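Colleague: There's a structure below that I have some questions on.
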Amino acid sequence: MAKSSFSYQSAWLNGYSTSIPDVDFRRSTDPVIMNLDSLEFSPVYNFVTINNDNKPSITPTGVGFFLVNVSLSTKGATNDTIELGMSYDGSLSKMKLKWQQKGGNFWSTNYNTIIKITTTETEKPLQFLISSTIQSDVKLAITSFNLSIIKLY
Amino acid sequence: MSNIGNFENIGVAFGNWGLTTAEPFVVNILEQNVFVRLTPSLSTQIQNNISISNGVVNINDNGIYMIQYVNSFSGGVNDQFMIRFTQGWGLGADPTYYIPNSLVRFTTKGTNFWEVQNMIFVNLQPKINSLAELVEGQEFPSSNHTIAMEVANRQDTSNIKIHSSSLIVTKLL
């Protein structure tokens, strides 16, 4: 009998924060790595927090394929078109989420992807990158950030 | 470097596809209320034992599958659009059957982006119309399945643009 993906489930994480530092991409369209220092994890199993180039992040302790879901709400950044993506060890997922800000109003959206973790070297981070297509003068405030990751295999 | 192991042949199935172009993908809608396939725009991030070809997701085992997507759209003039999934039975079958309860309705906001996301579970099993089909010597119903994502405009024939998209299919059981 064929086994299901979750027969190999051996790592998961749920992280939440309402105090992630503002994303300061002002006067630039370059991606900014999100600072995940304030994320609180519950439950979490077989992940560690790491500090990579002063960018607090997380990484799994084992190899495999991981399903990542992010639900976040933001405000600020005028009416810019924002792009959210993620990377592992500097390698970007092809999946991007694009949305448009609503100035001072909250805007809530979701991002998902499957990523491949190829090493148990836990200094290699999972990172989320945010960029703006416009050189806005207003920072992006992350009003809530909910992250769930589960190992598929 | 650690080895992920021999996962290809033991039934573990998942895939993630999405829009990877900088420019939006335009879905041409020529007729009101007629569904148009949305998935031809998608390319592969990762896949194992599930594949995509010409916008059709090919699944080669029966089971319970989780389907989730996030799409951001613009277009229409406050038109009400619909997204749904369809399925087909058999290897390479045209997925023309509506998956019940997969329909999502939303209204676009002209040139502003609008994000639509959903997550559903589907039970993909062989199609058997009657026991009479299971007669000796007849081929057993296929365990291959196909699914596709479609979009329609309820109120107009305005095209819709996809600015970002991510589709995930994971076999749960």
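Residues in the structure tokens are numbered from 1 in each chain, the chains being A, B, ... in the order shown, and ligands are numbered from 1 in the order shown.
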Tell me which protein, DNA and RNA residues are within 12 Å of Asn54 of chain A, counting only C-alpha atoms, leaving out same-chain ones fewer than 2 positions away, and put them as number ranges by chain.

Modeller: A: 33-37, 50-52, 56-57, 125

Colleague: Would you kindly return, as a list in words, each protein, DNA or RNA residue with an atom no farther than 9 Å from any atom of Val122 of chain B, considering only C-alpha atoms and excluding same-chain residues fewer than 4 positions away?

Modeller: Gly63, Ile64, Tyr65, Met66, Ile67 and Ile99 of chain B

Colleague: Once you have the residues from the selection above, write them out as a CSV table (one decimal), in the first residue's frame, restricted to N, CA and C atoms.

Modeller:
chain,number,residue,atom,x,y,z
B,63,GLY,N,-6.7,8.5,-3.6
B,63,GLY,CA,-6.5,9.0,-2.3
B,63,GLY,C,-7.1,10.3,-1.9
B,64,ILE,N,-6.9,10.7,-0.7
B,64,ILE,CA,-7.4,12.0,-0.2
B,64,ILE,C,-6.3,13.0,-0.5
B,65,TYR,N,-6.6,14.1,-1.2
B,65,TYR,CA,-5.6,15.1,-1.5
B,65,TYR,C,-6.1,16.4,-1.0
B,66,MET,N,-5.1,17.2,-0.5
B,66,MET,CA,-5.3,18.6,-0.1
B,66,MET,C,-4.9,19.5,-1.3
B,67,ILE,N,-5.8,20.4,-1.7
B,67,ILE,CA,-5.5,21.3,-2.7
B,67,ILE,C,-5.6,22.7,-2.1
B,99,ILE,N,-15.5,19.7,-9.5
B,99,ILE,CA,-15.4,19.1,-8.2
B,99,ILE,C,-16.3,19.8,-7.3

Colleague: Would you give me, as a ChimeraX atom specification, the residues of chain B that come within 8 Å of chain A, using only C-alpha atoms?

Modeller: /B:1-4,7,10-20,45-46,69-72,112-115,117,163-166,168,170-173

Colleague: For Ile150 of chain A, work out the shell of residues within 10 Å, counting only C-alpha atoms and skipping chain neighbours fewer than 4 positions away, then give it as a VMD selection string.

Modeller: chain A and resid 6 9 to 14 44 to 45 60 65 to 69 114

Colleague: Filtering to all heavy atoms, could you give me those residues as a short mmCIF file (atom, residue, chain, number, x, y, z; two decimals), in the first residue's frame?

Modeller:
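To be explicit, this is the file written out as result-v6.cif:
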data_model
loop_
_atom_site.label_atom_id
_atom_site.label_comp_id
_atom_site.auth_asym_id
_atom_site.auth_seq_id
_atom_site.Cartn_x
_atom_site.Cartn_y
_atom_site.Cartn_z
N PHE A 6 2.23 12.24 4.96
CA PHE A 6 2.37 12.51 6.38
C PHE A 6 2.79 11.29 7.19
O PHE A 6 2.92 11.36 8.39
CB PHE A 6 1.07 13.11 6.91
CG PHE A 6 0.82 14.47 6.36
CD1 PHE A 6 -0.12 14.68 5.37
CD2 PHE A 6 1.57 15.56 6.80
CE1 PHE A 6 -0.33 15.94 4.85
CE2 PHE A 6 1.37 16.82 6.28
CZ PHE A 6 0.42 17.01 5.30
N GLN A 9 5.84 12.50 8.68
CA GLN A 9 5.76 13.78 9.38
C GLN A 9 6.64 13.76 10.61
O GLN A 9 6.45 12.96 11.51
CB GLN A 9 4.32 13.99 9.77
CG GLN A 9 4.06 15.21 10.60
CD GLN A 9 2.58 15.31 10.88
OE1 GLN A 9 1.79 15.19 9.97
NE2 GLN A 9 2.24 15.52 12.13
N SER A 10 7.63 14.59 10.62
CA SER A 10 8.53 14.57 11.77
C SER A 10 9.07 15.96 12.09
O SER A 10 10.05 16.08 12.77
CB SER A 10 9.69 13.62 11.51
OG SER A 10 10.37 14.01 10.35
N ALA A 11 8.43 16.97 11.58
CA ALA A 11 8.81 18.32 11.95
C ALA A 11 7.65 19.24 11.65
O ALA A 11 6.99 19.10 10.62
CB ALA A 11 10.04 18.77 11.16
N TRP A 12 7.38 20.13 12.58
CA TRP A 12 6.32 21.10 12.35
C TRP A 12 6.58 22.33 13.20
O TRP A 12 7.38 22.28 14.14
CB TRP A 12 4.95 20.51 12.67
CG TRP A 12 4.85 19.95 14.06
CD1 TRP A 12 4.66 20.65 15.21
CD2 TRP A 12 4.95 18.58 14.43
NE1 TRP A 12 4.63 19.79 16.28
CE2 TRP A 12 4.80 18.52 15.84
CE3 TRP A 12 5.15 17.40 13.72
CZ2 TRP A 12 4.86 17.31 16.53
CZ3 TRP A 12 5.20 16.20 14.41
CH2 TRP A 12 5.04 16.16 15.79
N LEU A 13 5.90 23.38 12.83
CA LEU A 13 6.12 24.64 13.53
C LEU A 13 4.92 25.54 13.30
O LEU A 13 4.37 25.59 12.21
CB LEU A 13 7.39 25.30 12.96
CG LEU A 13 7.74 26.75 13.34
CD1 LEU A 13 9.26 26.91 13.29
CD2 LEU A 13 7.12 27.73 12.35
N ASN A 14 4.50 26.21 14.36
CA ASN A 14 3.55 27.30 14.21
C ASN A 14 4.11 28.52 14.92
O ASN A 14 4.40 28.47 16.12
CB ASN A 14 2.17 26.94 14.78
CG ASN A 14 1.14 27.97 14.41
OD1 ASN A 14 0.65 27.99 13.29
ND2 ASN A 14 0.81 28.86 15.34
N VAL A 44 6.18 23.59 18.31
CA VAL A 44 7.32 23.50 17.41
C VAL A 44 8.06 22.21 17.69
O VAL A 44 8.21 21.81 18.83
CB VAL A 44 8.25 24.73 17.57
CG1 VAL A 44 8.75 24.88 18.99
CG2 VAL A 44 9.42 24.67 16.61
N TYR A 45 8.48 21.55 16.62
CA TYR A 45 9.18 20.28 16.77
C TYR A 45 10.21 20.15 15.65
O TYR A 45 9.87 20.26 14.46
CB TYR A 45 8.18 19.12 16.72
CG TYR A 45 8.80 17.75 16.88
CD1 TYR A 45 9.48 17.40 18.03
CD2 TYR A 45 8.69 16.80 15.87
CE1 TYR A 45 10.05 16.15 18.18
CE2 TYR A 45 9.25 15.54 16.01
CZ TYR A 45 9.93 15.22 17.17
OH TYR A 45 10.49 13.98 17.31
N PRO A 60 14.85 24.07 9.88
CA PRO A 60 14.59 22.71 10.39
C PRO A 60 15.90 22.00 10.68
O PRO A 60 16.94 22.35 10.13
CB PRO A 60 13.81 22.05 9.26
CG PRO A 60 14.15 22.81 8.03
CD PRO A 60 14.52 24.20 8.46
N PHE A 65 11.11 17.67 2.51
CA PHE A 65 10.25 18.61 1.80
C PHE A 65 9.25 19.20 2.79
O PHE A 65 8.59 18.47 3.52
CB PHE A 65 9.52 17.90 0.66
CG PHE A 65 10.47 17.36 -0.38
CD1 PHE A 65 10.96 16.07 -0.27
CD2 PHE A 65 10.87 18.15 -1.44
CE1 PHE A 65 11.84 15.57 -1.21
CE2 PHE A 65 11.76 17.66 -2.38
CZ PHE A 65 12.24 16.37 -2.26
N PHE A 66 9.12 20.51 2.78
CA PHE A 66 8.34 21.20 3.79
C PHE A 66 7.27 22.08 3.15
O PHE A 66 7.56 22.84 2.22
CB PHE A 66 9.25 22.07 4.67
CG PHE A 66 10.17 21.27 5.55
CD1 PHE A 66 11.27 20.63 5.02
CD2 PHE A 66 9.93 21.16 6.90
CE1 PHE A 66 12.12 19.88 5.83
CE2 PHE A 66 10.77 20.42 7.72
CZ PHE A 66 11.86 19.77 7.18
N LEU A 67 6.05 21.94 3.67
CA LEU A 67 4.94 22.79 3.23
C LEU A 67 4.90 24.03 4.12
O LEU A 67 4.82 23.91 5.34
CB LEU A 67 3.63 22.01 3.35
CG LEU A 67 2.33 22.79 3.10
CD1 LEU A 67 2.25 23.31 1.67
CD2 LEU A 67 1.12 21.90 3.40
N VAL A 68 4.96 25.19 3.50
CA VAL A 68 5.02 26.45 4.22
C VAL A 68 3.75 27.26 3.94
O VAL A 68 3.38 27.43 2.78
CB VAL A 68 6.24 27.28 3.78
CG1 VAL A 68 6.29 28.62 4.53
CG2 VAL A 68 7.52 26.51 3.99
N ASN A 69 3.09 27.72 4.99
CA ASN A 69 1.94 28.60 4.85
C ASN A 69 2.14 29.84 5.71
O ASN A 69 2.51 29.73 6.88
CB ASN A 69 0.65 27.90 5.31
CG ASN A 69 0.13 26.93 4.27
OD1 ASN A 69 -0.51 27.32 3.30
ND2 ASN A 69 0.44 25.66 4.46
N ILE A 114 6.10 24.93 -1.29
CA ILE A 114 6.81 23.74 -0.79
C ILE A 114 8.28 23.95 -1.07
O ILE A 114 8.66 24.32 -2.18
CB ILE A 114 6.32 22.44 -1.47
CG1 ILE A 114 4.85 22.17 -1.13
CG2 ILE A 114 7.18 21.25 -1.05
CD1 ILE A 114 4.25 20.99 -1.88
#

Colleague: I want to know what sits within 10 Å of Gly15 of chain A, based on only C-alpha atoms, with residues of the same chain fewer than 3 positions away left out; could you give that as a PyMOL selection string?

Modeller: chain A and resi 36+38-44+70+145-149

Colleague: Compare A:Asp53, A:Asp22, A:Glu123, A:Asp80 by their minimum atom-to-atom distance to Gln135 of chain A, counting only C-alpha atoms, and give me the closest one.

Modeller: A:Asp80

Colleague: Just how far from atom CA of Thr21 of chain B is atom CA of Ile160 of chain B, in Å to one decimal?

Modeller: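 If I compute the distance from atom CA of Ile160 of chain B to atom CA of Thr21 of chain B, I get 15.9 Å.
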
Colleague: Segment 126-128 of chain A: which residues within 6 Å, counting only C-alpha atoms, same-chain residues fewer than 2 positions away excluded, as a ChimeraX atom specification?

Modeller: /A:33-34,58-59,85-88

Colleague: So how far away is atom CA of Lys124 of chain A from atom CA of Val23 of chain A, in Å?

Modeller: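 Between these atoms lies a distance of 21.7 Å.
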
Colleague: For the structure I just gave you, how does DSSP split chain B - specifically, which residues are strand (DSSP E or B)? Reply as a PyMOL selection string.

Modeller: chain B and resi 14-18+25-27+36-37+43-48+50-53+56-59+63-75+80-89+97-98+104-107+109-124+145-153+160-171

Colleague: Atom CA of Thr122 of chain A and atom CA of Thr44 of chain B are how many Å apart?

Modeller: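 Result for atom CA of Thr122 of chain A versus atom CA of Thr44 of chain B: 26.7 Å, one decimal.
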